[in-house]
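coords.txt follows (compact mmCIF, N, CA and C atoms):
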# COMPACT_ATOMS: atom_id res chain seq x y z
N GLN A 1381 115.89 76.92 15.23
CA GLN A 1381 116.52 75.73 15.77
C GLN A 1381 117.62 76.12 16.74
N VAL A 1382 117.88 75.22 17.66
CA VAL A 1382 118.95 75.44 18.64
C VAL A 1382 120.00 74.35 18.46
N GLN A 1383 121.26 74.75 18.54
CA GLN A 1383 122.36 73.79 18.49
C GLN A 1383 122.93 73.65 19.91
N LEU A 1384 123.27 72.41 20.26
CA LEU A 1384 123.69 72.10 21.62
C LEU A 1384 125.03 71.39 21.61
N VAL A 1385 125.94 71.83 22.46
CA VAL A 1385 127.26 71.21 22.55
C VAL A 1385 127.60 70.98 24.01
N GLU A 1386 127.79 69.70 24.37
CA GLU A 1386 128.10 69.34 25.75
C GLU A 1386 129.61 69.29 25.98
N SER A 1387 130.00 69.46 27.23
CA SER A 1387 131.39 69.30 27.64
C SER A 1387 131.41 68.99 29.13
N GLY A 1388 132.60 68.62 29.62
CA GLY A 1388 132.76 68.41 31.05
C GLY A 1388 132.84 66.96 31.48
N GLY A 1389 132.61 66.05 30.55
CA GLY A 1389 132.71 64.64 30.90
C GLY A 1389 134.15 64.24 31.19
N GLY A 1390 134.31 63.05 31.73
CA GLY A 1390 135.65 62.56 32.05
C GLY A 1390 135.58 61.33 32.91
N SER A 1391 136.73 60.96 33.45
CA SER A 1391 136.83 59.79 34.31
C SER A 1391 137.01 60.25 35.75
N VAL A 1392 136.28 59.61 36.65
CA VAL A 1392 136.34 59.97 38.06
C VAL A 1392 136.11 58.73 38.90
N GLN A 1393 136.65 58.75 40.10
CA GLN A 1393 136.42 57.63 41.00
C GLN A 1393 135.07 57.77 41.70
N ALA A 1394 134.54 56.65 42.13
CA ALA A 1394 133.27 56.65 42.86
C ALA A 1394 133.36 57.60 44.04
N GLY A 1395 132.29 58.35 44.24
CA GLY A 1395 132.26 59.35 45.30
C GLY A 1395 132.68 60.73 44.84
N GLY A 1396 133.24 60.81 43.64
CA GLY A 1396 133.70 62.09 43.12
C GLY A 1396 132.60 62.90 42.49
N SER A 1397 132.99 64.03 41.92
CA SER A 1397 132.04 64.96 41.32
C SER A 1397 132.51 65.39 39.93
N LEU A 1398 131.55 65.74 39.11
CA LEU A 1398 131.79 66.35 37.81
C LEU A 1398 130.69 67.36 37.55
N ARG A 1399 131.01 68.38 36.75
CA ARG A 1399 129.99 69.30 36.28
C ARG A 1399 129.98 69.31 34.77
N LEU A 1400 128.84 68.96 34.20
CA LEU A 1400 128.66 68.99 32.76
C LEU A 1400 128.08 70.34 32.36
N SER A 1401 128.48 70.79 31.18
CA SER A 1401 127.95 72.02 30.61
C SER A 1401 127.39 71.73 29.23
N CYS A 1402 126.41 72.52 28.83
CA CYS A 1402 125.82 72.41 27.50
C CYS A 1402 125.61 73.83 27.00
N VAL A 1403 126.34 74.20 25.96
CA VAL A 1403 126.23 75.54 25.40
C VAL A 1403 125.24 75.51 24.24
N ALA A 1404 124.29 76.42 24.28
CA ALA A 1404 123.27 76.51 23.24
C ALA A 1404 123.53 77.71 22.33
N SER A 1405 123.20 77.52 21.06
CA SER A 1405 123.36 78.62 20.10
C SER A 1405 122.31 78.48 19.01
N GLY A 1406 122.09 79.56 18.27
CA GLY A 1406 121.24 79.51 17.11
C GLY A 1406 119.80 79.88 17.34
N SER A 1407 119.40 80.01 18.60
CA SER A 1407 118.02 80.36 18.88
C SER A 1407 117.94 80.91 20.29
N THR A 1408 116.80 81.41 20.68
CA THR A 1408 116.64 82.02 21.99
C THR A 1408 116.57 80.93 23.06
N PHE A 1409 117.64 80.79 23.80
CA PHE A 1409 117.78 79.70 24.76
C PHE A 1409 116.64 79.70 25.78
N SER A 1410 116.23 80.87 26.22
CA SER A 1410 115.23 80.97 27.28
C SER A 1410 113.84 80.52 26.83
N ARG A 1411 113.67 80.21 25.54
CA ARG A 1411 112.38 79.68 25.06
C ARG A 1411 112.23 78.20 25.36
N TYR A 1412 113.34 77.54 25.63
CA TYR A 1412 113.34 76.08 25.68
C TYR A 1412 113.36 75.53 27.10
N ARG A 1413 112.59 74.47 27.28
CA ARG A 1413 112.81 73.63 28.44
C ARG A 1413 113.94 72.69 28.09
N MET A 1414 114.77 72.39 29.07
CA MET A 1414 115.98 71.63 28.82
C MET A 1414 116.03 70.38 29.68
N GLY A 1415 116.79 69.40 29.20
CA GLY A 1415 116.95 68.18 29.95
C GLY A 1415 118.32 67.56 29.76
N TRP A 1416 118.69 66.72 30.69
CA TRP A 1416 119.87 65.87 30.57
C TRP A 1416 119.41 64.41 30.51
N PHE A 1417 120.01 63.68 29.58
CA PHE A 1417 119.73 62.26 29.42
C PHE A 1417 121.06 61.52 29.45
N ARG A 1418 120.98 60.22 29.65
CA ARG A 1418 122.20 59.42 29.59
C ARG A 1418 121.89 58.07 28.99
N GLN A 1419 122.94 57.48 28.41
CA GLN A 1419 122.81 56.14 27.83
C GLN A 1419 124.05 55.34 28.19
N ALA A 1420 123.84 54.31 28.98
CA ALA A 1420 124.93 53.42 29.36
C ALA A 1420 125.12 52.39 28.26
N PRO A 1421 126.30 51.79 28.19
CA PRO A 1421 126.56 50.77 27.17
C PRO A 1421 125.54 49.64 27.22
N GLY A 1422 124.94 49.36 26.09
CA GLY A 1422 123.99 48.27 26.00
C GLY A 1422 122.61 48.55 26.57
N LYS A 1423 122.36 49.80 26.94
CA LYS A 1423 121.06 50.16 27.53
C LYS A 1423 120.41 51.28 26.74
N GLY A 1424 119.13 51.49 27.01
CA GLY A 1424 118.41 52.57 26.37
C GLY A 1424 118.71 53.91 27.02
N ARG A 1425 118.27 54.98 26.40
CA ARG A 1425 118.50 56.31 26.92
C ARG A 1425 117.54 56.60 28.07
N GLU A 1426 118.08 57.20 29.11
CA GLU A 1426 117.33 57.45 30.35
C GLU A 1426 117.31 58.95 30.64
N GLY A 1427 116.14 59.48 30.96
CA GLY A 1427 116.05 60.86 31.38
C GLY A 1427 116.61 61.03 32.77
N VAL A 1428 117.44 62.06 32.97
CA VAL A 1428 118.12 62.27 34.23
C VAL A 1428 117.52 63.48 34.97
N ALA A 1429 117.39 64.60 34.27
CA ALA A 1429 116.91 65.81 34.92
C ALA A 1429 116.34 66.75 33.87
N SER A 1430 115.43 67.60 34.31
CA SER A 1430 114.82 68.57 33.40
C SER A 1430 114.62 69.87 34.14
N ILE A 1431 114.56 70.98 33.38
CA ILE A 1431 114.41 72.29 33.98
C ILE A 1431 113.55 73.17 33.10
N ARG A 1432 112.73 73.98 33.72
CA ARG A 1432 111.85 74.87 32.98
C ARG A 1432 112.65 76.00 32.33
N ALA A 1433 112.02 76.66 31.39
CA ALA A 1433 112.67 77.72 30.64
C ALA A 1433 113.20 78.83 31.56
N GLY A 1434 112.43 79.16 32.58
CA GLY A 1434 112.83 80.20 33.51
C GLY A 1434 113.84 79.74 34.55
N GLY A 1435 114.02 78.42 34.66
CA GLY A 1435 115.04 77.89 35.55
C GLY A 1435 114.60 77.66 36.98
N VAL A 1436 113.33 77.88 37.29
CA VAL A 1436 112.90 77.76 38.68
C VAL A 1436 112.54 76.31 39.01
N ALA A 1437 111.73 75.68 38.18
CA ALA A 1437 111.27 74.32 38.46
C ALA A 1437 112.18 73.30 37.82
N THR A 1438 112.41 72.20 38.54
CA THR A 1438 113.25 71.12 38.05
C THR A 1438 112.59 69.78 38.35
N ALA A 1439 113.08 68.74 37.67
CA ALA A 1439 112.61 67.38 37.90
C ALA A 1439 113.78 66.44 37.73
N TYR A 1440 113.77 65.35 38.51
CA TYR A 1440 114.89 64.42 38.50
C TYR A 1440 114.40 62.98 38.46
N ALA A 1441 115.21 62.13 37.86
CA ALA A 1441 114.98 60.70 37.96
C ALA A 1441 115.30 60.27 39.40
N ASP A 1442 114.59 59.26 39.87
CA ASP A 1442 114.81 58.80 41.24
C ASP A 1442 116.26 58.37 41.47
N SER A 1443 116.89 57.86 40.43
CA SER A 1443 118.24 57.33 40.56
C SER A 1443 119.29 58.40 40.85
N VAL A 1444 118.95 59.68 40.61
CA VAL A 1444 119.94 60.74 40.81
C VAL A 1444 119.48 61.80 41.82
N LYS A 1445 118.28 61.68 42.32
CA LYS A 1445 117.78 62.67 43.28
C LYS A 1445 118.70 62.78 44.48
N GLY A 1446 118.99 64.02 44.86
CA GLY A 1446 119.85 64.26 46.00
C GLY A 1446 121.32 64.25 45.66
N ARG A 1447 121.68 63.80 44.45
CA ARG A 1447 123.08 63.76 44.04
C ARG A 1447 123.38 64.69 42.87
N PHE A 1448 122.43 64.84 41.97
CA PHE A 1448 122.61 65.67 40.77
C PHE A 1448 121.76 66.93 40.89
N THR A 1449 122.28 68.03 40.32
CA THR A 1449 121.54 69.28 40.28
C THR A 1449 121.62 69.88 38.88
N ILE A 1450 120.45 70.13 38.31
CA ILE A 1450 120.38 70.78 37.00
C ILE A 1450 120.16 72.27 37.22
N SER A 1451 120.82 73.09 36.40
CA SER A 1451 120.64 74.54 36.48
C SER A 1451 120.92 75.13 35.11
N ARG A 1452 120.59 76.39 34.95
CA ARG A 1452 120.82 77.05 33.66
C ARG A 1452 121.12 78.52 33.89
N ASP A 1453 121.88 79.07 32.97
CA ASP A 1453 122.17 80.51 32.96
C ASP A 1453 121.67 81.04 31.62
N ASN A 1454 120.51 81.63 31.62
CA ASN A 1454 119.91 82.09 30.37
C ASN A 1454 120.67 83.28 29.77
N ALA A 1455 121.40 84.01 30.58
CA ALA A 1455 122.20 85.12 30.06
C ALA A 1455 123.39 84.62 29.26
N LYS A 1456 123.90 83.45 29.64
CA LYS A 1456 125.08 82.87 28.97
C LYS A 1456 124.72 81.72 28.03
N ASN A 1457 123.45 81.36 27.97
CA ASN A 1457 122.99 80.25 27.12
C ASN A 1457 123.65 78.93 27.47
N ILE A 1458 123.75 78.64 28.76
CA ILE A 1458 124.41 77.42 29.21
C ILE A 1458 123.50 76.65 30.17
N LEU A 1459 123.48 75.36 29.97
CA LEU A 1459 122.80 74.42 30.85
C LEU A 1459 123.89 73.64 31.60
N TYR A 1460 123.64 73.37 32.88
CA TYR A 1460 124.61 72.64 33.71
C TYR A 1460 123.99 71.40 34.32
N LEU A 1461 124.86 70.44 34.63
CA LEU A 1461 124.47 69.31 35.46
C LEU A 1461 125.61 69.07 36.44
N GLN A 1462 125.38 69.41 37.70
CA GLN A 1462 126.34 69.14 38.75
C GLN A 1462 126.08 67.74 39.29
N MET A 1463 127.09 66.90 39.22
CA MET A 1463 126.95 65.50 39.62
C MET A 1463 127.88 65.23 40.80
N ASN A 1464 127.30 64.91 41.93
CA ASN A 1464 128.06 64.61 43.15
C ASN A 1464 127.82 63.15 43.55
N SER A 1465 128.68 62.65 44.43
CA SER A 1465 128.56 61.28 44.94
C SER A 1465 128.37 60.29 43.80
N LEU A 1466 129.20 60.41 42.80
CA LEU A 1466 129.04 59.57 41.61
C LEU A 1466 129.28 58.10 41.93
N LYS A 1467 128.53 57.27 41.21
CA LYS A 1467 128.60 55.82 41.38
C LYS A 1467 128.99 55.18 40.05
N PRO A 1468 129.55 53.97 40.09
CA PRO A 1468 129.89 53.30 38.82
C PRO A 1468 128.69 53.18 37.89
N GLU A 1469 127.50 53.03 38.43
CA GLU A 1469 126.31 52.90 37.59
C GLU A 1469 125.91 54.22 36.92
N ASP A 1470 126.57 55.31 37.25
CA ASP A 1470 126.35 56.58 36.55
C ASP A 1470 127.16 56.66 35.26
N THR A 1471 128.00 55.68 35.02
CA THR A 1471 128.79 55.65 33.79
C THR A 1471 127.89 55.59 32.57
N ALA A 1472 128.06 56.55 31.67
CA ALA A 1472 127.20 56.65 30.49
C ALA A 1472 127.66 57.81 29.61
N MET A 1473 127.10 57.85 28.42
CA MET A 1473 127.18 59.05 27.59
C MET A 1473 126.04 59.96 28.03
N TYR A 1474 126.37 61.20 28.30
CA TYR A 1474 125.37 62.17 28.76
C TYR A 1474 125.06 63.16 27.64
N TYR A 1475 123.76 63.38 27.44
CA TYR A 1475 123.29 64.27 26.38
C TYR A 1475 122.43 65.37 26.97
N CYS A 1476 122.57 66.57 26.43
CA CYS A 1476 121.58 67.59 26.75
C CYS A 1476 120.59 67.67 25.60
N ALA A 1477 119.40 68.12 25.91
CA ALA A 1477 118.32 68.16 24.93
C ALA A 1477 117.39 69.32 25.24
N ALA A 1478 116.64 69.73 24.23
CA ALA A 1478 115.77 70.89 24.37
C ALA A 1478 114.43 70.65 23.70
N TYR A 1479 113.39 71.27 24.25
CA TYR A 1479 112.10 71.28 23.56
C TYR A 1479 111.39 72.59 23.85
N SER A 1480 110.59 73.02 22.86
CA SER A 1480 109.89 74.30 23.00
C SER A 1480 108.38 74.15 22.87
N ARG A 1481 107.94 72.96 22.50
CA ARG A 1481 106.50 72.75 22.34
C ARG A 1481 105.90 72.23 23.64
N PHE A 1482 105.42 73.16 24.45
CA PHE A 1482 104.79 72.78 25.69
C PHE A 1482 103.72 73.80 26.05
N GLN A 1483 102.74 73.36 26.78
CA GLN A 1483 101.69 74.25 27.26
C GLN A 1483 102.19 74.97 28.51
N PRO A 1484 101.93 76.25 28.63
CA PRO A 1484 102.33 76.96 29.85
C PRO A 1484 101.77 76.27 31.09
N GLY A 1485 102.64 76.03 32.06
CA GLY A 1485 102.20 75.38 33.28
C GLY A 1485 102.24 73.87 33.23
N ALA A 1486 102.50 73.29 32.06
CA ALA A 1486 102.56 71.84 31.97
C ALA A 1486 103.76 71.33 32.76
N PRO A 1487 103.65 70.12 33.33
CA PRO A 1487 104.76 69.59 34.11
C PRO A 1487 105.95 69.26 33.20
N LEU A 1488 107.13 69.26 33.80
CA LEU A 1488 108.33 68.85 33.09
C LEU A 1488 108.26 67.38 32.74
N THR A 1489 108.98 67.00 31.72
CA THR A 1489 108.99 65.61 31.31
C THR A 1489 110.42 65.10 31.13
N LEU A 1490 110.62 63.82 31.42
CA LEU A 1490 111.89 63.15 31.14
C LEU A 1490 111.71 62.12 30.03
N ASP A 1491 110.65 62.29 29.25
CA ASP A 1491 110.38 61.44 28.11
C ASP A 1491 111.17 61.94 26.92
N GLU A 1492 112.10 61.16 26.42
CA GLU A 1492 112.97 61.63 25.34
C GLU A 1492 112.18 61.97 24.08
N GLY A 1493 111.03 61.37 23.90
CA GLY A 1493 110.24 61.65 22.72
C GLY A 1493 109.69 63.07 22.67
N SER A 1494 109.70 63.75 23.81
CA SER A 1494 109.21 65.13 23.86
C SER A 1494 110.27 66.14 23.44
N TYR A 1495 111.51 65.71 23.37
CA TYR A 1495 112.62 66.61 23.09
C TYR A 1495 112.95 66.62 21.60
N ASP A 1496 113.18 67.82 21.08
CA ASP A 1496 113.38 67.98 19.64
C ASP A 1496 114.84 68.14 19.23
N TYR A 1497 115.67 68.65 20.12
CA TYR A 1497 117.04 68.98 19.76
C TYR A 1497 118.00 68.32 20.76
N TRP A 1498 119.09 67.79 20.20
CA TRP A 1498 120.01 67.00 21.00
C TRP A 1498 121.45 67.41 20.71
N GLY A 1499 122.29 67.32 21.74
CA GLY A 1499 123.72 67.48 21.55
C GLY A 1499 124.35 66.16 21.16
N GLN A 1500 125.67 66.18 21.01
CA GLN A 1500 126.39 64.99 20.56
C GLN A 1500 126.81 64.09 21.71
N GLY A 1501 126.74 64.60 22.93
CA GLY A 1501 127.05 63.79 24.10
C GLY A 1501 128.44 64.01 24.65
N THR A 1502 128.59 63.74 25.93
CA THR A 1502 129.89 63.77 26.60
C THR A 1502 129.96 62.56 27.52
N LEU A 1503 131.09 61.87 27.52
CA LEU A 1503 131.21 60.59 28.21
C LEU A 1503 131.64 60.78 29.66
N VAL A 1504 130.93 60.12 30.54
CA VAL A 1504 131.26 60.09 31.97
C VAL A 1504 131.57 58.66 32.37
N THR A 1505 132.73 58.44 32.96
CA THR A 1505 133.13 57.11 33.40
C THR A 1505 133.46 57.19 34.88
N VAL A 1506 132.79 56.36 35.67
CA VAL A 1506 133.00 56.33 37.12
C VAL A 1506 133.56 54.97 37.49
N SER A 1507 134.74 54.96 38.08
CA SER A 1507 135.38 53.71 38.46
C SER A 1507 135.20 53.46 39.96
N SER A 1508 135.17 52.18 40.30
CA SER A 1508 134.96 51.81 41.71
C SER A 1508 136.27 51.73 42.46
Could you quickly redo this structure as structure tokens?
Amino acid sequence: QVQLVESGGGSVQAGGSLRLSCVASGSTFSRYRMGWFRQAPGKGREGVASIRAGGVATAYADSVKGRFTISRDNAKNILYLQMNSLKPEDTAMYYCAAYSRFQPGAPLTLDEGSYDYWGQGTLVTVSS
């Protein structure tokens, strides 16, 4: 099993930037495909970005394409989400998640049901 701990959330004005981090422990980080999800108040959880175990391929929700960048450092067991040009609608609790059950070559997924391990979340608030 892998344990995940997010950090880096905070309050920022619209147009600003934040970088979220997710530290993994307890298992071989490079075995897992990773994702970032978010949940705004009163809404369901939404997949934001995903990255392959090797870190080369990524996938993004349309709502964040061109503004957010997911990356990982397998040597340090850390997943990142660089968020630029933030908007008030990006306000949410952000979660990192991991899954290891996938077929080699299968496309990345932003379906939360595919992810087995979750962090506790870090809050991002964007004011207008």
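The nearest approach to A:Thr1489 among the residues A:Gly1396, A:Gly1427, A:Gly1406, A:Gly1435, with all atoms listed in the file taken into account, belongs to A:Gly1427.
Atom N of A:Ala1477 lies 9.6 Å from atom C of A:Val1403.
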Fill in: Pick from A:Tyr1412, A:Val1506, A:Ser1451, A:Ala1441, whichever lies nearest to A:Arg1481 using only C-alpha atoms
A:Tyr1412
Response to the item:
With distances taken over only N, CA and C atoms, the candidate from A:Cys1476, A:Leu1384, A:Ala1394, A:Val1428 nearest A:Ser1443 is A:Val1428
Worksheet entry | Distance in Å - atom CA of A:Lys1467 versus atom CA of A:Gly1390 | 13.5 Å
Discussion item. Which residues are close to A:Phe1482, i.e. within 10 Å by only C-alpha atoms, leaving aside same-chain residues fewer than 6 positions away? Reply as a list in words.
Written reply: Tyr1412, Arg1413, Leu1488 and Ser1494 of chain A
Discussion item. Excluding A:Glu1386 and its own-chain neighbours fewer than 2 positions away, which residues fall within 6 Å of it when counting all atoms listed in the file? Please give them as a ChimeraX atom specification.
Written reply: /A:1384,1388,1401-1403,1499-1502
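Note that DSSP on the backbone gives strand (DSSP E) to these residues of stretch 1460-1498 of chain A: Tyr1460, Leu1461, Gln1462, Met1463, Ala1472, Met1473, Tyr1474, Tyr1475, Cys1476, Ala1477, Ala1478, Tyr1479, Tyr1497 and Trp1498 of chain A.
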Item to complete: Work out how far apart atom N of A:Ala1486 and atom C of A:Thr1408 are and give it in Å to one decimal.
Response: 18.4 Å
Practice prompt. Quick one: pick out all helix (DSSP H, G or I) residues within chain A from a backbone DSSP run and write them as an MDAnalysis selection string.
Written response: chainID A and resid 1409:1411 1468:1470 1492:1494
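Here the question is which of A:Tyr1440, A:Ser1410, A:Pro1421, A:Phe1448 gets nearest to A:Gln1462 using all atoms listed in the file, and that residue is A:Phe1448.
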Response to the item:
Using all atoms listed in the file, the best pick from A:Ala1404, A:Met1414, A:Leu1459, A:Ala1420 as closest to A:Met1473 would be A:Ala1420
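By chain and then residue number, the residues within 7 Å of A:Ile1431 are Arg1413, Met1414, Gly1415, Ala1437, Thr1438, Ala1439 and Ile1450 of chain A, counting only C-alpha atoms and disregarding those fewer than 5 positions away in sequence.
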Worksheet item: Which one of A:Ser1430, A:Thr1505, A:Ser1387, A:Asn1464 sits closest to A:Phe1417 if you count only C-alpha atoms?
Response: A:Ser1430
If I wrap all listed atoms of stretch 1450-1456 of chain A in a box with edges along x, y and z and add 3 Å on each side, what are its centre and edge lengths in Å to one decimal, as JSON?
{"center_x": 122.5, "center_y": 77.6, "center_z": 33.2, "size_x": 11.2, "size_y": 21.0, "size_z": 16.3}
Discussion item. For A:Val1444, find every residue with an atom within 9 Å (counting only C-alpha atoms), except residues of its own chain fewer than 6 positions away, and show them as a PyMOL selection string.
Written reply: chain A and resi 1428-1429+1463+1470
Discussion item. Just want the 8 Å neighbourhood of A:Ser1407, counted on all atoms listed in the file, with same-chain residues fewer than 4 positions away dropped. Output as a list of chain:residue names.
Written reply: A:Gln1381, A:Val1382, A:Gln1383, A:Arg1411, A:Tyr1412
